[in-house]
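Contents: one structure, followed by commentary.
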Amino acid sequence: QVQLVESGGGLVQPGGSLRLSCLASGSIFSLKPMGWYRQAPGKQREWVATVTRGGSTGYTDSVKGRFTISRDNAKNTVYLQMNSLKPEDTAVYYCNTGPFEPRWSWGQGTQVTVSS
């Protein structure tokens, strides 16, 4: 069973930046497209970004041009660089397999709060 550990969240002012990391146990990581997801208070979890095994990326419209997803297969880690953060980006952020893949167990997530 793959375990996912997210980190890097925090409190940031609007317009600021954060870099999230997600460490996955197990060698199967490199075989899977990976995604970042987020869940805001009172809302359903939503897909944010995907990176394929080969490094191709996709983003939900609300983060295009501001967020960048990447991966380091040698480190079993996927990253989410978040720039120009807005209050509506406030959520708990999770990583998991890509949106069309069977899910692994969810990690604890990392809280991102954008507020002045």
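Residue names in the structure tokens use chain letters A, B, ... in the order shown, residue numbers from 1 in each chain, and ligand numbers from 1 in the order shown.
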
**OP:** Within 12 Å of A:Ala24, counting only C-alpha atoms, which residues show up once you throw out same-chain ones fewer than 5 positions away? Write them as an MDAnalysis selection string, please.
**Re:** chainID A and resid 1:7 29:30 32 34 71:79 94:97 104:107

**OP:** Mind the document's chain letters and residue numbers, and return as a ChimeraX atom specification the residues of chain A that DSSP labels helix (DSSP H, G or I).
**Re:** /A:27-31,61-63,73-75,87-89

Subject >> Top pick for closest residue to A:Leu85, considering A:Gly58, A:Gly109, A:Pro102, A:Gly65 and counting only C-alpha atoms >> reply: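 The shortest atom-to-atom distance to A:Leu85 comes from A:Gly65.
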
Original post:
Can you tell me, as a PyMOL selection string, what residues are no more than 6 Å from A:Gly16 when counting only C-alpha atoms, ignoring any on the same chain fewer than 2 positions away?
Top reply: chain A and resi 12-14+84-85

Subject >> For A:Leu31: contacts at 10 Å, only C-alpha atoms, fewer than 5 positions along chain excluded, given as an NGL selection string >> reply: :A and (52-54 or 73)

Original post:
Nearest to A:Thr110: which of A:Ser17, A:Gly98, A:Val92, A:Cys22 is it, counting only C-alpha atoms?
Top reply: A:Val92

Subject >> Those in chain A with strand (DSSP E or B) from DSSP, as an MDAnalysis selection string >> reply: chainID A and resid 4:7 10:12 18:24 34:39 46:51 57:59 67:72 77:82 91:97 110:114

**OP:** Find, counting only C-alpha atoms, the residue in A:Ile69, A:Leu11, A:Val114, A:Ala49 that gets nearest to A:Lys86.
**Re:** A:Val114

Subject >> Contact residues around A:Arg45 with only C-alpha atoms at 10 Å, ignoring same-chain residues under 6 positions, as a ChimeraX atom specification >> reply: /A:37-39,91-94

**OP:** May I ask which of the residues A:Gln108, A:Leu80, A:Thr113, A:Lys64 is the closest one to A:Ser21, counting only C-alpha atoms?
**Re:**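 Counting only C-alpha atoms, the residue closest to A:Ser21 is A:Leu80.
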
**OP:** Please provide the set of residues having any atom within 8 Å of A:Met82, restricted to only C-alpha atoms, with same-chain residues fewer than 6 positions apart removed, written as a PyMOL selection string.
**Re:** chain A and resi 17-20+66-68

Original post:
Using only C-alpha atoms, which residue out of A:Ser56, A:Pro99, A:Leu23, A:Trp36 lies closest to A:Gln81?
Top reply: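 That would be A:Trp36, the residue with the smallest distance to A:Gln81.
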